[in-house]
Amino acid sequence: EIGLTELSMDEQKEHGGSSLLRTMKGRILLVDDDDSLRTYLTRRLQLDDCVVHEAGDVDTAKRLLREHTYDLVTLDLLMHPESGYELFEFLKEDPTLKWLPLIVLSGRDDLSDKVRCFHLGADDYVTKPFQYEELAVRIYALLKRTKNFEQLAFRDPLTGVFNRRYFELQIGLELQRIQRYPAPISLVFIDIDSFKNVNDTYGHHVGDLVLQGLAHVLQVNLRSTDLLARFGGEEFVIALPNTTADQAIGIMQQILETVRERAVAQYDGQQFYITFSAGVAEYQVGLHVNEWITKADDAMYQAKQGGKNQVRR
Ligand code: GH3
Ligand code: MG
Ligand code: MG
Ligand code: MG
């Protein structure tokens, strides 16, 4: 009655999923009280390389949203006993969830529902019954738009690493996680030594190449769970989850050695070497994010006072 048929495994192979969506590797939460629709969509989306979680009611959806991060939510408006609007309001009232792309899947082709949903901040509205292929391209379009937006809003254009805004946002979420699942986490503040000399001697272009080179060396020497960002002009910050201050110092000393010994940039047949000063601060319960960053910055200042080209805590 929803107009969707189950696909046999052969048919699924033949369809092979929608290749566009496959490139996104989206994490999707399906909220719908129709078990067979959820099961069907989950299977199709998994074939398109999405990670899919299912919620059959509003409470389950709220719990999953607290415990996981998603790239997109599809929301059924007509659910029993609560209406989908309850979850809608929950999403839009939470500052960390209100930007989450949201597609309404409605059983009614009703103008007032459509208008209300877009007013409330829905990103798309699909009326049941629908073809999977249509939902898939709509999900793809939304995920792609979000990715482009994040690229602009959260990345530093010169170096490609995250910017300060994204760092502060993520570090706030990281600290929320730590309150539930305690684990050490360390922050590193990095400032290039005598960077003004590079600009003054070789020009701003070489200075830019050095910034790009250092960002690259930092990125390739960190774990995928570490968060690297350009904090300001020639300053970088790193958050290292599951890492004590002692461990962070070890990691940074090794990276400093690498930077010291290998040219971070080349231009016009010349090689450019730099050093940096770094400060480490491990998170302590009760510390505000800004206080934590200041501690790492203070430690970096100690490294400068101690003669630069070193890591301090
Ligand atoms: P110290 O060892 O004490 O850190 O000295 P420093 O010369 O590195 O520090 P200072 O703060 O005096 O100079 C930082 C320089 O970084 C000044 C500024 O022109 C340069 N800078 C900031 N952002 C950029 C950028 O995007 N590109 C380039 N090329 N230079 C930048
Ligand atoms: Mg329903
Ligand atoms: Mg500086
Ligand atoms: Mg400097």
# chains A, B, ... in the order shown; residues from 1 in each chain; ligands from 1
call {"tool": "closest_atom_pairs", "arguments": {"of": "stretch 151-204 of chain A", "to": "stretch 226-230 of chain A", "cutoff": "7 Å", "atoms": "only C-alpha atoms", "output": "CSV"}}
result
residue,atom,partner,partner_atom,distance
A:Asp156,CA,A:Arg230,CA,6.8
A:Val161,CA,A:Ala229,CA,5.5
A:Phe162,CA,A:Ala229,CA,4.5
A:Asn163,CA,A:Ala229,CA,5.1
A:Arg164,CA,A:Ala229,CA,6.2
A:Phe167,CA,A:Ala229,CA,6.2
call {"tool": "write_last_selection", "arguments": {"atoms": "N, CA and C atoms", "output": "PDB file, in the first residue's frame"}}
result
ATOM      1  N   ASP A 156      39.946  26.288   6.331  1.00  0.00           N
ATOM      2  CA  ASP A 156      40.830  27.400   6.042  1.00  0.00           C
ATOM      3  C   ASP A 156      41.232  27.294   4.569  1.00  0.00           C
ATOM      4  N   VAL A 161      43.047  22.876   6.115  1.00  0.00           N
ATOM      5  CA  VAL A 161      42.686  22.278   7.411  1.00  0.00           C
ATOM      6  C   VAL A 161      41.483  23.040   7.985  1.00  0.00           C
ATOM      7  N   PHE A 162      40.902  22.531   9.050  1.00  0.00           N
ATOM      8  CA  PHE A 162      39.744  23.179   9.646  1.00  0.00           C
ATOM      9  C   PHE A 162      40.106  24.564  10.161  1.00  0.00           C
ATOM     10  N   ASN A 163      39.115  25.418  10.289  1.00  0.00           N
ATOM     11  CA  ASN A 163      39.353  26.751  10.829  1.00  0.00           C
ATOM     12  C   ASN A 163      38.976  26.801  12.320  1.00  0.00           C
ATOM     13  N   ARG A 164      39.204  27.955  12.886  1.00  0.00           N
ATOM     14  CA  ARG A 164      38.993  28.128  14.314  1.00  0.00           C
ATOM     15  C   ARG A 164      37.531  27.918  14.708  1.00  0.00           C
ATOM     16  N   PHE A 167      36.831  24.282  14.883  1.00  0.00           N
ATOM     17  CA  PHE A 167      37.555  23.712  16.013  1.00  0.00           C
ATOM     18  C   PHE A 167      36.802  23.950  17.318  1.00  0.00           C
TER      19      PHE A 167
END
call {"tool": "select_by_dssp", "arguments": {"residues": "stretch 216-251 of chain A", "states": "strand (DSSP E)", "output": "ChimeraX atom specification"}}
result
/A:227-232,235-241
call {"tool": "residues_near_ligand", "arguments": {"ligand": "ligand 1", "cutoff": "12 Å", "atoms": "only C-alpha atoms and all ligand atoms", "output": "ChimeraX atom specification"}}
result
/A:156-159,189-213,230-236,274-278,297,300-310
call {"tool": "write_last_selection", "arguments": {"atoms": "C-alpha atoms", "output": "CSV table (one decimal), in the first residue's frame"}}
result
chain,number,residue,atom,x,y,z
A,156,ASP,CA,40.8,27.4,6.0
A,157,PRO,CA,41.2,28.2,2.3
A,158,LEU,CA,45.0,28.5,2.4
A,159,THR,CA,45.9,25.3,4.1
A,189,PHE,CA,48.9,25.2,20.6
A,190,ILE,CA,51.6,25.7,17.8
A,191,ASP,CA,53.2,28.9,16.7
A,192,ILE,CA,55.8,29.1,13.9
A,193,ASP,CA,59.2,30.5,15.1
A,194,SER,CA,60.3,33.8,13.7
A,195,PHE,CA,57.8,33.5,10.9
A,196,LYS,CA,58.0,37.2,10.2
A,197,ASN,CA,61.5,36.7,9.0
A,198,VAL,CA,60.3,34.3,6.3
A,199,ASN,CA,57.9,36.8,4.9
A,200,ASP,CA,60.3,39.7,5.2
A,201,THR,CA,63.2,37.8,3.6
A,202,TYR,CA,61.5,35.8,0.9
A,203,GLY,CA,58.1,37.4,0.5
A,204,HIS,CA,54.5,36.6,1.4
A,205,HIS,CA,54.2,33.9,-1.2
A,206,VAL,CA,56.9,31.8,0.4
A,207,GLY,CA,55.3,32.5,3.7
A,208,ASP,CA,52.1,31.0,2.4
A,209,LEU,CA,53.9,28.0,1.0
A,210,VAL,CA,55.5,27.4,4.4
A,211,LEU,CA,52.0,27.6,6.1
A,212,GLN,CA,50.7,25.0,3.6
A,213,GLY,CA,53.8,22.8,4.1
A,230,ARG,CA,44.5,26.8,11.8
A,231,PHE,CA,43.8,29.1,14.7
A,232,GLY,CA,45.1,32.3,13.4
A,233,GLY,CA,47.9,33.7,11.1
A,234,GLU,CA,50.8,31.3,11.8
A,235,GLU,CA,49.1,29.4,14.7
A,236,PHE,CA,47.7,25.9,14.6
A,274,ILE,CA,61.3,26.2,9.9
A,275,THR,CA,60.8,25.3,13.6
A,276,PHE,CA,57.9,25.9,15.9
A,277,SER,CA,57.1,26.3,19.5
A,278,ALA,CA,54.3,24.2,21.0
A,297,ASP,CA,48.7,29.1,24.7
A,300,MET,CA,53.5,27.7,24.1
A,301,TYR,CA,54.6,31.1,25.4
A,302,GLN,CA,56.8,29.3,27.9
A,303,ALA,CA,58.3,27.4,24.9
A,304,LYS,CA,59.1,30.8,23.2
A,305,GLN,CA,60.6,32.1,26.5
A,306,GLY,CA,62.7,29.0,26.7
A,307,GLY,CA,64.4,29.7,23.4
A,308,LYS,CA,61.7,28.5,20.8
A,309,ASN,CA,62.0,25.3,18.8
A,310,GLN,CA,60.6,23.2,21.7
call {"tool": "residues_around", "arguments": {"residues": "A:Glu282", "least_positions_apart": "6", "cutoff": "7 Å", "atoms": "only C-alpha atoms", "output": "PyMOL selection string"}}
result
chain A and resi 185-187+244-245
call {"tool": "atom_distance", "arguments": {"atom1": "atom CA of A:Ser83", "atom2": "atom CA of A:Lys144"}}
result
29.0 Å
call {"tool": "select_by_dssp", "arguments": {"residues": "stretch 116-194 of chain A", "states": "alpha helix (DSSP H)", "output": "ChimeraX atom specification"}}
result
/A:116-120,132-154,164-180
call {"tool": "residues_around", "arguments": {"residues": "stretch 246-250 of chain A", "least_positions_apart": "3", "cutoff": "9 Å", "atoms": "only C-alpha atoms", "output": "number ranges by chain"}}
result
A: 186-188, 240, 243, 253-255, 278-282, 311-313
call {"tool": "write_last_selection", "arguments": {"atoms": "N, CA and C atoms", "output": "PDB file, in the first residue's frame"}}
result
ATOM      1  N   SER A 186      44.023  15.941  25.105  1.00  0.00           N
ATOM      2  CA  SER A 186      45.005  17.016  25.200  1.00  0.00           C
ATOM      3  C   SER A 186      44.874  17.986  24.045  1.00  0.00           C
ATOM      4  N   LEU A 187      45.278  19.201  24.322  1.00  0.00           N
ATOM      5  CA  LEU A 187      45.228  20.259  23.333  1.00  0.00           C
ATOM      6  C   LEU A 187      46.634  20.794  23.108  1.00  0.00           C
ATOM      7  N   VAL A 188      46.974  21.050  21.861  1.00  0.00           N
ATOM      8  CA  VAL A 188      48.301  21.569  21.517  1.00  0.00           C
ATOM      9  C   VAL A 188      48.138  22.904  20.803  1.00  0.00           C
ATOM     10  N   LEU A 240      43.817  16.228  20.709  1.00  0.00           N
ATOM     11  CA  LEU A 240      44.209  14.821  20.644  1.00  0.00           C
ATOM     12  C   LEU A 240      43.377  14.011  21.625  1.00  0.00           C
ATOM     13  N   THR A 243      44.463  11.020  24.726  1.00  0.00           N
ATOM     14  CA  THR A 243      45.897  11.288  24.795  1.00  0.00           C
ATOM     15  C   THR A 243      46.200  12.122  26.036  1.00  0.00           C
ATOM     16  N   GLN A 253      56.986  16.333  20.001  1.00  0.00           N
ATOM     17  CA  GLN A 253      58.454  16.396  19.871  1.00  0.00           C
ATOM     18  C   GLN A 253      58.912  15.655  18.614  1.00  0.00           C
ATOM     19  N   GLN A 254      58.232  14.545  18.349  1.00  0.00           N
ATOM     20  CA  GLN A 254      58.565  13.792  17.148  1.00  0.00           C
ATOM     21  C   GLN A 254      58.243  14.588  15.884  1.00  0.00           C
ATOM     22  N   ILE A 255      57.092  15.239  15.885  1.00  0.00           N
ATOM     23  CA  ILE A 255      56.704  16.038  14.716  1.00  0.00           C
ATOM     24  C   ILE A 255      57.656  17.227  14.558  1.00  0.00           C
ATOM     25  N   ALA A 278      55.592  24.796  20.723  1.00  0.00           N
ATOM     26  CA  ALA A 278      54.281  24.217  21.008  1.00  0.00           C
ATOM     27  C   ALA A 278      54.038  24.134  22.505  1.00  0.00           C
ATOM     28  N   GLY A 279      52.764  24.330  22.885  1.00  0.00           N
ATOM     29  CA  GLY A 279      52.353  24.186  24.277  1.00  0.00           C
ATOM     30  C   GLY A 279      51.268  23.138  24.372  1.00  0.00           C
ATOM     31  N   VAL A 280      51.353  22.293  25.409  1.00  0.00           N
ATOM     32  CA  VAL A 280      50.397  21.201  25.588  1.00  0.00           C
ATOM     33  C   VAL A 280      49.613  21.411  26.882  1.00  0.00           C
ATOM     34  N   ALA A 281      48.315  21.174  26.838  1.00  0.00           N
ATOM     35  CA  ALA A 281      47.490  21.199  28.060  1.00  0.00           C
ATOM     36  C   ALA A 281      46.483  20.052  28.004  1.00  0.00           C
ATOM     37  N   GLU A 282      46.518  19.202  29.022  1.00  0.00           N
ATOM     38  CA  GLU A 282      45.531  18.125  29.102  1.00  0.00           C
ATOM     39  C   GLU A 282      44.263  18.675  29.743  1.00  0.00           C
ATOM     40  N   VAL A 311      58.797  21.970  22.831  1.00  0.00           N
ATOM     41  CA  VAL A 311      57.440  21.694  23.274  1.00  0.00           C
ATOM     42  C   VAL A 311      57.403  21.786  24.790  1.00  0.00           C
ATOM     43  N   ARG A 312      56.436  22.495  25.311  1.00  0.00           N
ATOM     44  CA  ARG A 312      56.296  22.642  26.772  1.00  0.00           C
ATOM     45  C   ARG A 312      54.882  22.271  27.213  1.00  0.00           C
ATOM     46  N   ARG A 313      54.713  22.067  28.490  1.00  0.00           N
ATOM     47  CA  ARG A 313      53.367  21.885  29.043  1.00  0.00           C
ATOM     48  C   ARG A 313      53.110  22.953  30.084  1.00  0.00           C
TER      49      ARG A 313
END
call {"tool": "residues_near_ligand", "arguments": {"ligand": "ligand 2", "cutoff": "6 Å", "atoms": "only C-alpha atoms and all ligand atoms", "output": "VMD selection string"}}
result
chain A and resid 32 to 34 76 78 to 79
call {"tool": "closest_residue", "arguments": {"among": "A:Leu47, A:Ala122, A:Leu37, A:Val264", "to": "A:Arg22", "atoms": "only C-alpha atoms"}}
result
A:Leu47
call {"tool": "atom_distance", "arguments": {"atom1": "atom CA of A:Ala239", "atom2": "atom CA of A:Lys295"}}
result
13.2 Å
call {"tool": "closest_residue", "arguments": {"among": "A:Lys25, A:Thr225, A:Val237, A:Thr69", "to": "ligand 3", "atoms": "only C-alpha atoms and all ligand atoms"}}
result
A:Val237
call {"tool": "residues_around", "arguments": {"residues": "A:Glu54", "least_positions_apart": "3", "cutoff": "7 Å", "atoms": "only C-alpha atoms", "output": "PyMOL selection string"}}
result
chain A and resi 29-31+38
